[in-house]
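S.K.: Have a look at this one.
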Amino acid sequence: NYQTGSGCPSRFDCDLVRGHHKPTGKPIGHDCAKLALKKDLPTTPPKQNFQSSVEVPLPCQVQTLNVGPNCKCNGENYIKSIDVSGYIVDCQPFVHNPSGDSFAISFSSYLEGSRSQLVATRDDATSCWCDNILNVQCCIIPPAALATLSKST
């Protein structure tokens, strides 16, 4: 583990650290505390069980979506969302770009309008990224298949 909150992503389990040289004081950012300074709070987020509120009877198609850069670096620009045509059923939860930046992926899907929104949150730093490639694989039901479903009901 490195000091100054830049060594580990936010989902790193500090309980796995058995000893390290730094930080020498109270942890900052994503730092793991020395055992002597450790709080009794859990360091990893609770597991989330996602269940769709809509039963989707159609097969989805795996597609690679490019989120692209978020090179607006003035301010805290570590989150980017893109609109996606179709209904996202599931996506990779964590990805890296070629520069090695880490991202957590979330999404919202809407049957009305056959659209979804994908959100990439950089979780190794609260800063922008300028790499043009940030690919995420998602399983998506195309709008045409959703239209067929709505006509048959």
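Note on naming: chains are A, B, ... as they come in the structure tokens, residues start from 1 per chain, ligands start from 1 in the order shown.
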For range 104-107 of chain A, please output as a PyMOL selection string all residues within 12 Å (counting only C-alpha atoms; exclusion window: fewer than 6 positions along the same chain).

M.R.: chain A and resi 9-11+48+50+52+65+67+78-84+87-97+115-125+134-140

S.K.: Just the selected residues (N, CA and C atoms), exported as a CSV table (one decimal), in the first residue's frame, please.

M.R.:
```csv
chain,number,residue,atom,x,y,z
A,9,PRO,N,-7.2,1.1,-5.3
A,9,PRO,CA,-8.6,1.5,-5.7
A,9,PRO,C,-9.5,1.5,-4.4
A,10,SER,N,-10.6,2.2,-4.5
A,10,SER,CA,-11.5,2.3,-3.4
A,10,SER,C,-12.1,0.9,-2.9
A,11,ARG,N,-12.1,-0.1,-3.8
A,11,ARG,CA,-12.6,-1.4,-3.4
A,11,ARG,C,-11.6,-2.3,-2.8
A,48,GLN,N,-23.5,-5.8,-3.1
A,48,GLN,CA,-24.8,-5.5,-3.5
A,48,GLN,C,-25.4,-6.6,-4.4
A,50,PHE,N,-27.9,-7.1,-7.1
A,50,PHE,CA,-28.8,-6.4,-8.0
A,50,PHE,C,-29.8,-7.4,-8.6
A,52,SER,N,-33.1,-7.3,-11.2
A,52,SER,CA,-33.9,-6.5,-12.1
A,52,SER,C,-35.4,-6.5,-11.6
A,65,LEU,N,-19.0,-1.5,-25.5
A,65,LEU,CA,-19.2,-0.1,-25.6
A,65,LEU,C,-18.0,0.7,-25.2
A,67,VAL,N,-16.7,4.0,-23.6
A,67,VAL,CA,-17.1,5.1,-22.8
A,67,VAL,C,-16.2,6.3,-23.3
A,78,TYR,N,-14.5,12.7,-12.4
A,78,TYR,CA,-14.1,11.3,-12.4
A,78,TYR,C,-15.2,10.3,-12.7
A,79,ILE,N,-16.4,10.9,-13.1
A,79,ILE,CA,-17.6,10.1,-13.5
A,79,ILE,C,-18.0,10.6,-14.9
A,80,LYS,N,-18.3,9.6,-15.7
A,80,LYS,CA,-18.8,9.9,-17.1
A,80,LYS,C,-20.0,8.9,-17.4
A,81,SER,N,-21.1,9.5,-17.9
A,81,SER,CA,-22.2,8.6,-18.3
A,81,SER,C,-22.4,8.8,-19.8
A,82,ILE,N,-22.9,7.7,-20.4
A,82,ILE,CA,-23.2,7.7,-21.8
A,82,ILE,C,-24.6,7.1,-22.0
A,83,ASP,N,-25.3,7.5,-23.0
A,83,ASP,CA,-26.6,7.0,-23.4
A,83,ASP,C,-26.4,5.8,-24.3
A,84,VAL,N,-27.1,4.7,-24.1
A,84,VAL,CA,-27.0,3.5,-24.9
A,84,VAL,C,-28.4,3.1,-25.4
A,87,TYR,N,-31.8,-2.1,-24.1
A,87,TYR,CA,-32.0,-2.4,-22.7
A,87,TYR,C,-30.8,-3.2,-22.1
A,88,ILE,N,-30.0,-2.5,-21.3
A,88,ILE,CA,-28.8,-3.2,-20.7
A,88,ILE,C,-29.3,-4.2,-19.7
A,89,VAL,N,-28.9,-5.4,-19.8
A,89,VAL,CA,-29.3,-6.5,-18.8
A,89,VAL,C,-28.2,-6.6,-17.8
A,90,ASP,N,-26.9,-6.5,-18.2
A,90,ASP,CA,-25.8,-6.6,-17.3
A,90,ASP,C,-24.5,-6.1,-18.0
A,91,CYS,N,-23.5,-5.7,-17.2
A,91,CYS,CA,-22.2,-5.2,-17.7
A,91,CYS,C,-21.1,-5.7,-16.8
A,92,GLN,N,-19.9,-5.6,-17.3
A,92,GLN,CA,-18.7,-5.9,-16.5
A,92,GLN,C,-18.8,-4.9,-15.3
A,93,PRO,N,-18.6,-5.3,-14.1
A,93,PRO,CA,-18.6,-4.4,-13.0
A,93,PRO,C,-17.4,-3.5,-12.8
A,94,PHE,N,-16.2,-4.0,-13.2
A,94,PHE,CA,-15.0,-3.3,-13.1
A,94,PHE,C,-14.2,-3.4,-14.4
A,95,VAL,N,-13.6,-2.3,-14.9
A,95,VAL,CA,-12.7,-2.3,-16.1
A,95,VAL,C,-11.5,-1.4,-15.9
A,96,HIS,N,-10.5,-1.6,-16.7
A,96,HIS,CA,-9.4,-0.7,-16.8
A,96,HIS,C,-9.2,-0.2,-18.2
A,97,ASN,N,-8.7,1.0,-18.4
A,97,ASN,CA,-8.4,1.5,-19.7
A,97,ASN,C,-6.9,1.1,-20.0
A,115,ARG,N,-34.0,2.5,-24.0
A,115,ARG,CA,-32.7,3.2,-23.8
A,115,ARG,C,-32.1,2.8,-22.4
A,116,SER,N,-30.9,3.0,-22.3
A,116,SER,CA,-30.1,2.8,-21.0
A,116,SER,C,-29.1,3.8,-20.8
A,117,GLN,N,-28.6,3.9,-19.6
A,117,GLN,CA,-27.5,4.8,-19.3
A,117,GLN,C,-26.4,4.0,-18.6
A,118,LEU,N,-25.2,4.1,-19.1
A,118,LEU,CA,-24.0,3.5,-18.5
A,118,LEU,C,-23.2,4.5,-17.8
A,119,VAL,N,-22.7,4.2,-16.6
A,119,VAL,CA,-21.9,5.2,-15.8
A,119,VAL,C,-20.6,4.5,-15.5
A,120,ALA,N,-19.5,5.2,-15.8
A,120,ALA,CA,-18.2,4.8,-15.5
A,120,ALA,C,-17.6,5.7,-14.4
A,121,THR,N,-17.3,5.2,-13.2
A,121,THR,CA,-16.7,6.0,-12.1
A,121,THR,C,-15.3,5.6,-11.9
A,122,ARG,N,-14.4,6.5,-12.1
A,122,ARG,CA,-13.0,6.2,-11.8
A,122,ARG,C,-12.8,5.9,-10.3
A,123,ASP,N,-12.3,4.8,-10.0
A,123,ASP,CA,-12.2,4.5,-8.5
A,123,ASP,C,-10.8,4.4,-8.0
A,124,ASP,N,-9.7,4.6,-8.9
A,124,ASP,CA,-8.4,4.6,-8.3
A,124,ASP,C,-7.9,6.1,-8.0
A,125,ALA,N,-8.7,7.1,-8.5
A,125,ALA,CA,-8.4,8.5,-8.2
A,125,ALA,C,-9.6,9.3,-8.5
A,134,LEU,N,-11.9,3.3,-23.4
A,134,LEU,CA,-12.4,2.7,-22.1
A,134,LEU,C,-13.6,1.8,-22.5
A,135,ASN,N,-13.3,0.6,-22.8
A,135,ASN,CA,-14.2,-0.4,-23.2
A,135,ASN,C,-14.9,-1.2,-22.1
A,136,VAL,N,-16.2,-1.4,-22.2
A,136,VAL,CA,-17.0,-2.1,-21.3
A,136,VAL,C,-17.9,-3.1,-22.1
A,137,GLN,N,-17.9,-4.3,-21.7
A,137,GLN,CA,-18.8,-5.3,-22.3
A,137,GLN,C,-20.1,-5.4,-21.6
A,138,CYS,N,-21.2,-5.3,-22.3
A,138,CYS,CA,-22.5,-5.3,-21.7
A,138,CYS,C,-23.4,-6.3,-22.5
A,139,CYS,N,-24.3,-6.9,-21.9
A,139,CYS,CA,-25.3,-7.7,-22.6
A,139,CYS,C,-26.6,-6.8,-22.8
A,140,ILE,N,-27.0,-6.5,-24.0
A,140,ILE,CA,-28.0,-5.6,-24.3
A,140,ILE,C,-29.1,-6.2,-25.2
```

S.K.: Based on the backbone DSSP call, show me all residues of range 68-116 of chain A assigned strand (DSSP E or B), as a PyMOL selection string.

M.R.: chain A and resi 70+79-85+87-91+94-96+102-110+115-116

S.K.: Could you state the separation of CA of Ala144 in chain A and CA of Thr64 in chain A in Å, given to one decimal place?

M.R.: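 Result for CA of Ala144 in chain A versus CA of Thr64 in chain A: 18.6 Å, one decimal.
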
S.K.: Skipping near chain neighbours, those fewer than 3 positions away, what residues fall within 9 Å of Gly113 in chain A using only C-alpha atoms, listed as number ranges by chain?

M.R.: A: 85-86, 110, 116, 143
